[in-house]
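What's in final_12.cif: mmCIF, C-alpha atoms
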data_run
loop_
_atom_site.label_atom_id
_atom_site.label_comp_id
_atom_site.auth_asym_id
_atom_site.auth_seq_id
_atom_site.Cartn_x
_atom_site.Cartn_y
_atom_site.Cartn_z
CA MET J 143 1.51 -14.60 17.95
CA SER J 144 0.73 -16.23 14.67
CA GLN J 145 0.59 -14.56 11.29
CA SER J 146 -3.11 -15.31 11.06
CA ASN J 147 -3.77 -12.98 13.97
CA LEU J 148 -2.17 -10.05 12.28
CA THR J 149 -4.78 -8.92 9.82
CA SER J 150 -8.47 -8.47 10.31
CA THR J 151 -10.52 -10.89 8.32
CA MET J 152 -13.12 -8.20 7.73
CA THR J 153 -13.28 -6.51 4.37
CA ILE J 154 -15.24 -3.82 2.55
CA PRO J 155 -15.90 -3.53 -1.20
CA CYS J 156 -13.69 -1.36 -3.37
CA THR J 157 -12.31 -0.97 -6.84
CA VAL J 158 -8.66 -1.90 -7.14
CA SER J 159 -6.02 -0.51 -9.46
CA LEU J 160 -2.26 -0.72 -9.62
CA GLY J 161 -0.38 1.38 -7.06
CA MET J 162 2.72 3.48 -7.41
CA PHE J 163 5.09 0.74 -6.32
CA SER J 164 4.73 -2.88 -7.38
CA THR J 165 3.98 -3.79 -3.77
CA GLU J 166 1.04 -1.42 -3.63
CA ARG J 167 -2.50 -1.33 -4.93
CA GLY J 168 -4.79 1.67 -5.23
CA VAL J 169 -8.26 1.27 -3.77
CA LEU J 170 -11.33 3.43 -4.22
CA ILE J 171 -14.19 3.06 -1.78
CA ASN J 172 -17.55 4.48 -2.77
CA LEU J 173 -19.42 5.66 0.29
CA PRO J 174 -23.17 6.12 0.55
CA GLY J 175 -24.10 9.65 -0.41
CA GLY J 176 -21.57 9.84 -3.19
CA GLY J 177 -18.38 10.32 -1.25
CA THR J 178 -15.27 8.41 -2.14
CA VAL J 179 -12.09 7.53 -0.29
CA SER J 180 -8.98 6.49 -2.15
CA ALA J 181 -5.86 5.02 -0.64
CA LEU J 182 -2.71 3.19 -1.53
CA VAL J 183 -2.50 -0.07 0.39
CA ASP J 184 -0.23 -3.04 0.50
CA ARG J 185 -1.08 -5.60 -2.17
CA ARG J 186 -1.64 -8.24 0.53
CA ASP J 187 -4.48 -6.15 1.91
CA VAL J 188 -6.72 -6.50 -1.13
CA ILE J 189 -8.73 -9.49 -2.27
CA ILE J 190 -9.15 -9.70 -6.02
CA ASP J 191 -9.79 -12.45 -8.55
CA LYS J 192 -7.29 -11.05 -11.03
CA GLU J 193 -4.72 -8.29 -11.10
CA PRO J 194 -5.91 -4.95 -12.49
CA PRO J 195 -4.45 -4.06 -15.89
CA PRO J 196 -2.32 -0.92 -16.23
CA GLY J 197 -4.69 2.03 -16.26
CA GLY J 198 -7.65 -0.18 -15.43
CA GLN J 199 -9.40 -1.40 -12.34
CA VAL J 200 -11.14 -4.46 -10.99
CA GLN J 201 -13.68 -5.02 -8.29
CA GLY J 202 -12.36 -6.35 -5.01
CA ARG J 203 -12.35 -6.01 -1.28
CA VAL J 204 -9.87 -4.42 1.10
CA HIS J 205 -9.07 -5.57 4.61
CA VAL J 206 -10.19 -3.30 7.41
CA VAL J 207 -10.19 -3.38 11.17
CA VAL J 208 -13.50 -2.62 12.80
CA VAL J 209 -12.96 -0.08 15.54
CA GLU J 210 -16.46 0.62 16.71
CA ALA J 211 -20.06 -0.17 15.81
CA LYS J 212 -22.82 2.38 16.16
CA ASP J 213 -26.40 1.89 15.06
CA ASP J 214 -26.33 0.92 11.38
CA SER J 215 -22.74 1.91 10.73
CA VAL J 216 -19.29 0.87 11.78
CA ILE J 217 -16.05 2.79 12.07
CA VAL J 218 -13.21 0.99 10.35
CA ASP J 219 -9.51 1.55 9.91
CA LEU J 220 -8.08 1.15 6.42
CA PRO J 221 -4.67 -0.54 6.22
CA GLN J 222 -3.12 2.80 5.23
CA PRO J 223 -4.31 6.39 5.41
CA GLY J 224 -6.44 7.61 2.56
CA LEU J 225 -4.77 10.27 0.53
CA MET J 226 -6.41 13.29 2.12
CA SER J 227 -8.04 11.76 5.15
CA GLY J 228 -7.07 9.50 7.96
CA PRO J 229 -7.39 5.76 7.80
CA ARG J 230 -10.55 5.83 9.88
CA LEU J 231 -13.91 6.05 8.15
CA ARG J 232 -17.55 5.27 8.80
CA VAL J 233 -19.26 2.76 6.55
CA PRO J 234 -22.62 1.00 6.67
CA LYS J 235 -22.62 -2.27 8.54
CA ALA J 236 -23.72 -4.00 5.40
CA PHE J 237 -20.38 -3.10 3.79
CA VAL J 238 -18.40 -5.18 6.20
CA ARG J 239 -18.03 -8.89 6.12
CA MET I 262 9.64 3.90 25.80
CA ILE I 263 12.03 3.15 22.97
CA LEU I 264 12.96 -0.49 22.48
CA SER I 265 16.59 -1.51 22.78
CA ASP I 266 18.32 -3.85 20.34
CA GLY I 267 17.65 -6.82 22.62
CA GLU I 268 14.00 -5.89 23.00
CA ILE I 269 13.66 -5.54 19.23
CA GLN I 270 15.19 -8.99 18.76
CA ASP I 271 12.87 -10.46 21.38
CA ALA I 272 9.86 -8.87 19.69
CA ILE I 273 10.93 -10.28 16.33
CA ASN I 274 11.52 -13.71 17.84
CA ASP I 275 8.03 -13.92 19.30
CA GLY I 276 6.20 -12.28 16.39
CA ARG I 277 5.36 -8.93 17.96
CA ILE I 278 7.41 -7.33 15.20
CA ILE I 279 7.64 -9.00 11.79
CA ILE I 280 10.42 -7.98 9.42
CA GLU I 281 10.75 -9.77 6.06
CA PRO I 282 13.45 -10.69 5.25
CA ARG I 283 14.53 -11.29 8.81
CA PRO I 284 17.23 -8.80 9.88
CA VAL I 285 20.83 -9.86 10.30
CA ASP I 286 22.95 -8.80 13.27
CA GLU I 287 24.54 -5.93 11.34
CA GLN I 288 21.17 -4.21 10.99
CA TYR I 289 20.80 -3.63 14.72
CA THR I 290 22.02 -0.59 16.60
CA THR I 291 21.56 0.00 20.30
CA SER I 292 18.06 1.37 19.93
CA ALA I 293 17.05 1.00 16.27
CA LEU I 294 17.01 -1.32 13.31
CA ASP I 295 18.46 -0.38 9.92
CA LEU I 296 16.47 -1.14 6.78
CA TYR I 297 17.86 -1.45 3.27
CA LEU I 298 16.82 0.36 0.13
CA GLY I 299 14.42 -1.58 -2.05
CA ASP I 300 14.53 -2.15 -5.77
CA GLU I 301 12.18 0.59 -6.96
CA ILE I 302 12.55 4.36 -7.01
CA LEU I 303 9.99 6.69 -8.56
CA GLU I 304 10.53 10.24 -9.70
CA LEU I 305 7.89 12.85 -10.36
CA LYS I 306 7.33 13.94 -13.91
CA THR I 307 8.30 17.51 -14.74
CA PRO I 308 5.59 20.07 -15.53
CA GLU I 309 6.78 19.94 -19.13
CA GLU I 310 6.30 16.17 -19.27
CA LEU I 311 2.81 16.51 -17.83
CA ALA I 312 1.96 19.25 -20.30
CA ARG I 313 3.02 17.02 -23.19
CA GLU I 314 0.46 14.46 -22.01
CA GLU I 315 -2.38 16.97 -22.18
CA PRO I 316 -4.70 16.84 -25.18
CA PRO I 317 -3.42 18.86 -28.15
CA GLY I 318 -4.29 22.52 -27.85
CA ALA I 319 -4.98 22.36 -24.14
CA GLU I 320 -3.17 25.15 -22.34
CA ARG I 321 -3.82 25.52 -18.67
CA PRO I 322 -1.62 26.17 -15.67
CA LEU I 323 -0.54 23.05 -13.85
CA VAL I 324 -2.08 23.12 -10.40
CA ILE I 325 -2.68 19.98 -8.40
CA ASN I 326 -5.85 20.26 -6.37
CA LEU I 327 -4.96 18.22 -3.32
CA ILE I 328 -8.58 17.65 -2.35
CA GLU I 329 -9.39 16.14 -5.70
CA VAL I 330 -6.28 14.09 -6.36
CA ASP I 331 -7.22 10.54 -7.25
CA THR I 332 -4.78 8.20 -5.56
CA ARG I 333 -5.21 5.70 -8.33
CA LEU I 334 -3.74 8.16 -10.82
CA LEU I 335 -0.73 9.16 -8.75
CA PHE I 336 1.65 6.86 -10.51
CA SER I 337 0.26 6.90 -14.03
CA LYS I 338 -0.15 10.66 -14.10
CA TYR I 339 2.56 12.12 -11.91
CA ALA I 340 5.33 9.57 -11.47
CA LYS I 341 7.64 7.36 -13.46
CA PRO I 342 10.39 4.89 -12.55
CA LEU I 343 13.83 6.34 -11.99
CA PRO I 344 16.05 4.40 -14.39
CA LYS I 345 18.84 2.25 -12.99
CA GLU I 346 22.48 2.61 -13.87
CA LEU I 347 24.29 -0.29 -15.50
CA ASP I 348 25.52 -1.54 -12.12
CA GLY I 349 21.97 -1.70 -10.79
CA SER I 350 22.27 1.43 -8.71
CA PHE I 351 20.17 4.58 -8.80
CA LEU I 352 21.77 7.98 -9.23
CA LEU I 353 20.08 10.73 -7.24
CA PRO I 354 21.10 14.16 -8.54
CA PRO I 355 21.34 17.20 -6.27
CA GLN I 356 18.05 18.98 -5.51
CA LYS I 357 16.02 16.01 -6.66
CA PHE I 358 12.93 14.54 -4.99
CA VAL I 359 12.12 10.86 -5.42
CA LEU I 360 10.07 8.16 -3.73
CA GLY I 361 11.91 5.09 -2.53
CA ILE I 362 10.84 1.97 -0.73
CA THR I 363 12.46 -0.28 1.80
CA ARG I 364 13.54 -3.79 0.88
CA GLU I 365 11.98 -5.08 4.07
CA ARG I 366 8.30 -5.53 4.77
CA VAL I 367 7.42 -4.36 8.26
CA THR I 368 4.39 -5.65 10.14
CA LEU I 369 3.39 -4.25 13.51
CA PRO I 370 0.44 -6.26 14.83
CA ARG I 371 -2.00 -4.16 16.80
CA GLU I 372 -1.95 -6.63 19.63
CA ALA I 373 1.78 -6.08 20.10
CA LYS I 374 1.29 -2.47 21.21
CA ILE I 375 4.29 -1.33 19.19
CA ALA I 376 4.58 1.59 16.76
CA ALA I 377 7.69 2.87 15.03
CA ARG I 378 9.28 5.92 13.53
CA VAL I 379 11.38 5.93 10.42
CA GLU I 380 14.45 8.09 10.67
CA GLY I 381 17.36 8.86 8.41
CA ARG I 382 20.91 7.82 9.03
CA SER I 383 23.37 10.47 10.13
CA THR I 384 26.13 9.59 7.69
CA LEU I 385 23.76 9.89 4.75
CA ALA I 386 22.30 13.09 6.15
CA ARG I 387 25.75 14.66 6.27
CA LEU I 388 25.88 14.24 2.53
CA GLY I 389 22.50 15.88 2.15
CA LEU I 390 20.23 12.85 1.85
CA VAL I 391 16.86 13.08 3.57
CA VAL I 392 14.75 9.93 3.56
CA HIS I 393 11.48 11.13 4.96
CA LEU I 394 9.96 14.55 4.61
CA THR I 395 6.85 14.50 6.71
CA ALA I 396 5.55 11.06 7.46
CA PRO I 397 7.81 9.26 9.93
CA THR I 398 5.20 7.35 11.91
CA ILE I 399 4.64 3.66 11.30
CA HIS I 400 1.39 3.06 13.10
CA ALA I 401 0.47 0.00 15.09
CA GLY I 402 -1.31 -2.31 12.67
CA PHE I 403 0.84 -1.31 9.70
CA SER I 404 2.01 -3.98 7.30
CA GLY I 405 4.11 -3.50 4.18
CA PRO I 406 7.31 -1.97 2.89
CA ILE I 407 7.92 1.61 3.98
CA VAL I 408 7.76 4.33 1.37
CA LEU I 409 10.52 6.91 1.70
CA GLU I 410 10.19 10.52 0.59
CA MET I 411 13.78 11.17 -0.40
CA TYR I 412 15.52 14.41 -1.29
CA ASN I 413 19.14 15.14 -2.06
CA TYR I 414 19.94 18.48 -0.45
CA GLY I 415 23.64 18.05 -1.15
CA ASN I 416 25.83 19.30 -3.95
CA TYR I 417 26.74 15.92 -5.41
CA PRO I 418 24.92 13.08 -7.13
CA LEU I 419 24.42 10.16 -4.74
CA ARG I 420 24.66 6.55 -5.88
CA LEU I 421 22.05 4.38 -4.16
CA LEU I 422 22.46 0.62 -4.39
CA PRO I 423 19.30 -1.40 -3.66
CA GLY I 424 19.69 -4.19 -1.13
CA LYS I 425 23.12 -2.95 -0.11
CA LEU I 426 22.53 0.55 1.22
CA ALA I 427 21.11 0.83 4.72
CA ILE I 428 18.85 3.72 3.87
CA CYS I 429 16.93 4.36 7.07
CA GLN I 430 16.43 3.19 10.61
CA LEU I 431 13.34 2.22 12.52
CA ILE I 432 12.87 3.23 16.13
CA PHE I 433 10.27 1.16 17.94
CA GLU I 434 8.12 2.46 20.75
CA ARG I 435 5.54 0.90 23.04
CA LEU I 436 1.92 2.02 23.08
CA GLY I 437 0.22 2.46 26.41
CA GLU I 438 -2.58 0.13 25.44
CA ILE I 439 -3.81 -1.93 22.55
CA PRO I 440 -5.49 0.25 19.89
CA LYS I 441 -9.22 -0.06 19.40
CA GLY I 442 -10.39 -2.78 17.11
CA HIS I 443 -7.55 -5.19 17.76
CA LEU I 444 -9.73 -8.21 18.28
CA ARG I 445 -11.56 -9.50 15.28
CA THR I 446 -13.94 -11.28 17.61
CA GLN I 447 -14.86 -8.06 19.32
CA TYR I 448 -17.85 -7.48 17.07
CA SER I 449 -18.29 -10.90 15.61
CA ASP I 450 -21.27 -11.63 17.78
CA GLN I 451 -23.08 -8.46 16.84
CA ARG I 452 -25.69 -8.57 14.15
CA GLY I 453 -25.21 -6.87 10.85
CA ILE I 454 -21.45 -6.63 10.68
CA ARG I 455 -20.73 -9.95 9.13
CA SER I 456 -22.84 -10.77 6.13
#
Take the structure from the file and write it as structure tokens.
Amino acid sequence: MSQSNLTSTMTIPCTVSLGMFSTERGVLINLPGGGTVSALVDRRDVIIDKEPPPGGQVQGRVHVVVVEAKDDSVIVDLPQPGLMSGPRLRVPKAFVR
Amino acid sequence: MILSDGEIQDAINDGRIIIEPRPVDEQYTTSALDLYLGDEILELKTPEELAREEPPGAERPLVINLIEVDTRLLFSKYAKPLPKELDGSFLLPPQKFVLGITRERVTLPREAKIAARVEGRSTLARLGLVVHLTAPTIHAGFSGPIVLEMYNYGNYPLRLLPGKLAICQLIFERLGEIPKGHLRTQYSDQRGIRS
């Protein structure tokens, strides 16, 4: 089993900030309808052009695993649980690439 | 079924479990793998410290609304690094809660059908050290260092030396089947998922 098989290549958009530990990054996902999901994920699970500054944020994408597709939405697993919800959330198909 | 030391080694050898850095023989027990304390420990700010960061004149009771907590602010607002001692160790006073992290990165590929539980070590527990409060499960698909919710229930300060102290153990278990969504190609031929 190679390393390249380990992480889904699919991602969804998010804003990225520094996490609590240096190995972490905070992500905020804005869902249609105004909802948000925030989570602390491993820094290897985000794709960003530059590191966020302390107290600031940058636009990026976070790796997800697509669990199921239904109609115009997909159910994805975040790399780590969101703070107050599980890792599994429904997002529009257009989010995922 | 819990994996034995030999099964853990086999899984590491063929990539079903990835531990970075790779464990040495001394980290194995019959049915678990010890992990070492990492180089960062965070402590929560006191209510007084938080109050000092409020705007001047603001007086309100400190209540954290768990539904509205913004994960991105957890560190900047509520936590700060626990300072190291001169020898590089951390001193954990009695009745103190901190967040630690393992030195090792743990990756459990979904395809491997393996999950894990983080547990404390009995010798440390006898001195009052708890290393996880409520979140022992390392789910299949996890990748990263493991965050430890640590509390010193004992009567004495505990010296914690990063990279030297085996702080916790991982117990590996097999899943009955591969979790959903393990194959990236599963939906790749469906329209609308990939842009």
Surrounding residues of segment 427-442 of chain I excluding itself and chain neighbours under 5 positions, 8 Å, all atoms listed in the file, as a CSV table (one decimal) with C-alpha atoms, keeping the file's coordinate frame:
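The result, stored in selection05.csv:
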chain,number,residue,atom,x,y,z
J,207,VAL,CA,-10.2,-3.4,11.2
J,208,VAL,CA,-13.5,-2.6,12.8
J,209,VAL,CA,-13.0,-0.1,15.5
J,210,GLU,CA,-16.5,0.6,16.7
I,262,MET,CA,9.6,3.9,25.8
I,263,ILE,CA,12.0,3.2,23.0
I,264,LEU,CA,13.0,-0.5,22.5
I,269,ILE,CA,13.7,-5.5,19.2
I,292,SER,CA,18.1,1.4,19.9
I,293,ALA,CA,17.0,1.0,16.3
I,294,LEU,CA,17.0,-1.3,13.3
I,295,ASP,CA,18.5,-0.4,9.9
I,296,LEU,CA,16.5,-1.1,6.8
I,297,TYR,CA,17.9,-1.4,3.3
I,298,LEU,CA,16.8,0.4,0.1
I,363,THR,CA,12.5,-0.3,1.8
I,371,ARG,CA,-2.0,-4.2,16.8
I,372,GLU,CA,-2.0,-6.6,19.6
I,373,ALA,CA,1.8,-6.1,20.1
I,374,LYS,CA,1.3,-2.5,21.2
I,375,ILE,CA,4.3,-1.3,19.2
I,376,ALA,CA,4.6,1.6,16.8
I,377,ALA,CA,7.7,2.9,15.0
I,378,ARG,CA,9.3,5.9,13.5
I,379,VAL,CA,11.4,5.9,10.4
I,380,GLU,CA,14.4,8.1,10.7
I,381,GLY,CA,17.4,8.9,8.4
I,382,ARG,CA,20.9,7.8,9.0
I,385,LEU,CA,23.8,9.9,4.8
I,392,VAL,CA,14.8,9.9,3.6
I,401,ALA,CA,0.5,0.0,15.1
I,447,GLN,CA,-14.9,-8.1,19.3
* Asked: With only C-alpha atoms as the atoms that count, which of I:Met411, I:Val330, I:Leu421, I:Leu369 lies nearest to Thr178 of chain J?
  ->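 Ranked by minimum distance to Thr178 of chain J, first place goes to I:Val330.
Close contacts of Leu173 of chain J, defined as residues with an atom at most 12 Å away when counting all atoms listed in the file, with chain neighbours fewer than 3 positions off set aside, comprise Ile154, Pro155, Cys156, Leu170, Gly176, Gly177, Thr178, Val179, Ser180, Ser215, Leu231, Arg232, Val233, Pro234, Lys235, Ala236 and Phe237 of chain J.
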* Asked: Any idea what the distance is between atom CA of Ile171 of chain J and atom CA of Pro195 of chain J?
  -> 18.6 Å
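The shortest atom-to-atom distance to chain J, with all atoms listed in the file taken into account, belongs to I:Asp331 out of I:Glu281, I:Asp331, I:Asp266, I:Asp271.
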* Asked: Separation of atom CA of Asn413 of chain I and atom CA of Arg387 of chain I, in Å?
  ->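 Atom-to-atom, atom CA of Asn413 of chain I and atom CA of Arg387 of chain I are spaced 10.6 Å apart.
As for atom CA of Gly168 of chain J and atom CA of Pro342 of chain I, they are spaced 17.2 Å apart.
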* To do: Using only C-alpha atoms, find the one residue out of J:Val204, J:Ile190, J:Leu182, J:Leu220 that sits nearest to chain I.
  => J:Leu182
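Distances here use all atoms listed in the file; by that measure, the residue among J:Val206, J:Lys212, J:Ala181, J:Lys192 closest to chain I is J:Ala181.
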* Asked: Which one of J:Pro194, J:Gly175, J:Gly202, J:Gly161 sits closest to chain I if you count all atoms listed in the file?
  ->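 Ranking J:Pro194, J:Gly175, J:Gly202, J:Gly161 by distance to chain I, first place goes to J:Gly161.
For the choices I:Ile280, I:Leu419, I:Ile302, I:Leu390, the atom-to-atom distance to chain J is smallest for I:Ile302 when using all atoms listed in the file.
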* Find the residues near Val408 of chain I: any atom within 9 Å, counting all atoms listed in the file, skip ones fewer than 5 places away on the same chain, and give them as a ChimeraX atom specification. => /J:163 /I:360-363,393
Could the residues in this selection be saved with C-alpha atoms as a compact mmCIF listing (two decimals), in the frame of the given file?
# COMPACT_ATOMS: atom_id res chain seq x y z
CA PHE J 163 5.09 0.74 -6.32
CA LEU I 360 10.07 8.16 -3.73
CA GLY I 361 11.91 5.09 -2.53
CA ILE I 362 10.84 1.97 -0.73
CA THR I 363 12.46 -0.28 1.80
CA HIS I 393 11.48 11.13 4.96
* Quick one: everything within 12 Å of His205 of chain J, counting only C-alpha atoms, minus sequence neighbours fewer than 3 positions away in the same chain. Send it as a PyMOL selection string. => (chain J and resi 148-156+169+171+183-190+202+208+218-222+229+237-239) or (chain I and resi 402-404+445)
Those same residues, written as a short mmCIF file (atom, residue, chain, number, x, y, z; two decimals), in the frame of the given file with C-alpha atoms?
data_model
loop_
_atom_site.label_atom_id
_atom_site.label_comp_id
_atom_site.auth_asym_id
_atom_site.auth_seq_id
_atom_site.Cartn_x
_atom_site.Cartn_y
_atom_site.Cartn_z
CA LEU J 148 -2.17 -10.05 12.28
CA THR J 149 -4.78 -8.92 9.82
CA SER J 150 -8.47 -8.47 10.31
CA THR J 151 -10.52 -10.89 8.32
CA MET J 152 -13.12 -8.20 7.73
CA THR J 153 -13.28 -6.51 4.37
CA ILE J 154 -15.24 -3.82 2.55
CA PRO J 155 -15.90 -3.53 -1.20
CA CYS J 156 -13.69 -1.36 -3.37
CA VAL J 169 -8.26 1.27 -3.77
CA ILE J 171 -14.19 3.06 -1.78
CA VAL J 183 -2.50 -0.07 0.39
CA ASP J 184 -0.23 -3.04 0.50
CA ARG J 185 -1.08 -5.60 -2.17
CA ARG J 186 -1.64 -8.24 0.53
CA ASP J 187 -4.48 -6.15 1.91
CA VAL J 188 -6.72 -6.50 -1.13
CA ILE J 189 -8.73 -9.49 -2.27
CA ILE J 190 -9.15 -9.70 -6.02
CA GLY J 202 -12.36 -6.35 -5.01
CA VAL J 208 -13.50 -2.62 12.80
CA VAL J 218 -13.21 0.99 10.35
CA ASP J 219 -9.51 1.55 9.91
CA LEU J 220 -8.08 1.15 6.42
CA PRO J 221 -4.67 -0.54 6.22
CA GLN J 222 -3.12 2.80 5.23
CA PRO J 229 -7.39 5.76 7.80
CA PHE J 237 -20.38 -3.10 3.79
CA VAL J 238 -18.40 -5.18 6.20
CA ARG J 239 -18.03 -8.89 6.12
CA GLY I 402 -1.31 -2.31 12.67
CA PHE I 403 0.84 -1.31 9.70
CA SER I 404 2.01 -3.98 7.30
CA ARG I 445 -11.56 -9.50 15.28
#
Could the centre and edge lengths of an axis-aligned box, enclosing all atoms of segment 174-181 of chain J in the file with 5 Å extra on each side, be given in Å to one decimal as AutoDock Vina command-line options?
--center_x -15.0 --center_y 7.7 --center_z -1.3 --size_x 28.2 --size_y 15.3 --size_z 13.7
Can we get segment 296-321 of chain I of that structure written down with N, CA and C atoms, as a tab-separated table (two decimals), in the first residue's frame?
chain	number	residue	atom	x	y	z
I	296	LEU	N	3.79	5.27	22.41
I	296	LEU	CA	4.16	6.49	21.69
I	296	LEU	C	4.78	7.48	22.68
I	297	TYR	N	5.68	8.30	22.15
I	297	TYR	CA	6.39	9.25	23.01
I	297	TYR	C	5.73	10.62	23.01
I	298	LEU	N	5.99	11.35	24.07
I	298	LEU	CA	5.47	12.71	24.18
I	298	LEU	C	6.15	13.61	23.17
I	299	GLY	N	5.37	14.44	22.50
I	299	GLY	CA	5.92	15.39	21.55
I	299	GLY	C	6.42	16.65	22.22
I	300	ASP	N	6.79	17.61	21.40
I	300	ASP	CA	7.56	18.76	21.87
I	300	ASP	C	6.70	19.98	22.22
I	301	GLU	N	5.39	19.83	22.19
I	301	GLU	CA	4.52	20.96	22.49
I	301	GLU	C	3.50	20.55	23.54
I	302	ILE	N	3.30	21.40	24.52
I	302	ILE	CA	2.20	21.24	25.46
I	302	ILE	C	1.51	22.60	25.61
I	303	LEU	N	0.19	22.58	25.58
I	303	LEU	CA	-0.58	23.81	25.71
I	303	LEU	C	-1.35	23.77	27.02
I	304	GLU	N	-1.45	24.92	27.66
I	304	GLU	CA	-2.30	25.03	28.84
I	304	GLU	C	-3.39	26.04	28.56
I	305	LEU	N	-4.51	25.88	29.25
I	305	LEU	CA	-5.61	26.82	29.07
I	305	LEU	C	-5.35	28.06	29.92
I	306	LYS	N	-5.72	29.19	29.36
I	306	LYS	CA	-5.60	30.43	30.11
I	306	LYS	C	-6.58	30.41	31.29
I	307	THR	N	-6.23	31.11	32.34
I	307	THR	CA	-7.14	31.21	33.48
I	307	THR	C	-8.24	32.21	33.16
I	308	PRO	N	-9.36	32.13	33.87
I	308	PRO	CA	-10.42	33.14	33.66
I	308	PRO	C	-9.89	34.57	33.84
I	309	GLU	N	-8.95	34.74	34.77
I	309	GLU	CA	-8.40	36.07	35.00
I	309	GLU	C	-7.61	36.53	33.77
I	310	GLU	N	-6.86	35.62	33.18
I	310	GLU	CA	-6.10	36.00	31.97
I	310	GLU	C	-7.04	36.37	30.83
I	311	LEU	N	-8.11	35.59	30.69
I	311	LEU	CA	-9.08	35.91	29.64
I	311	LEU	C	-9.74	37.25	29.89
I	312	ALA	N	-10.06	37.51	31.16
I	312	ALA	CA	-10.73	38.77	31.48
I	312	ALA	C	-9.82	39.96	31.16
I	313	ARG	N	-8.52	39.78	31.37
I	313	ARG	CA	-7.58	40.88	31.08
I	313	ARG	C	-7.52	41.18	29.59
I	314	GLU	N	-7.92	40.20	28.77
I	314	GLU	CA	-7.88	40.43	27.32
I	314	GLU	C	-9.18	41.03	26.79
I	315	GLU	N	-10.16	41.18	27.67
I	315	GLU	CA	-11.41	41.82	27.26
I	315	GLU	C	-11.18	43.32	27.08
I	316	PRO	N	-12.02	43.96	26.28
I	316	PRO	CA	-11.89	45.42	26.14
I	316	PRO	C	-12.05	46.10	27.50
I	317	PRO	N	-11.38	47.23	27.70
I	317	PRO	CA	-11.49	47.93	28.98
I	317	PRO	C	-12.95	48.23	29.31
I	318	GLY	N	-13.31	48.01	30.55
I	318	GLY	CA	-14.66	48.31	30.99
I	318	GLY	C	-15.64	47.18	30.80
I	319	ALA	N	-15.26	46.19	30.00
I	319	ALA	CA	-16.18	45.08	29.76
I	319	ALA	C	-16.20	44.16	30.97
I	320	GLU	N	-17.34	43.96	31.54
I	320	GLU	CA	-17.49	43.04	32.67
I	320	GLU	C	-18.62	42.09	32.36
I	321	ARG	N	-18.29	40.87	32.10
I	321	ARG	CA	-19.32	39.89	31.86
I	321	ARG	C	-18.81	38.53	32.34
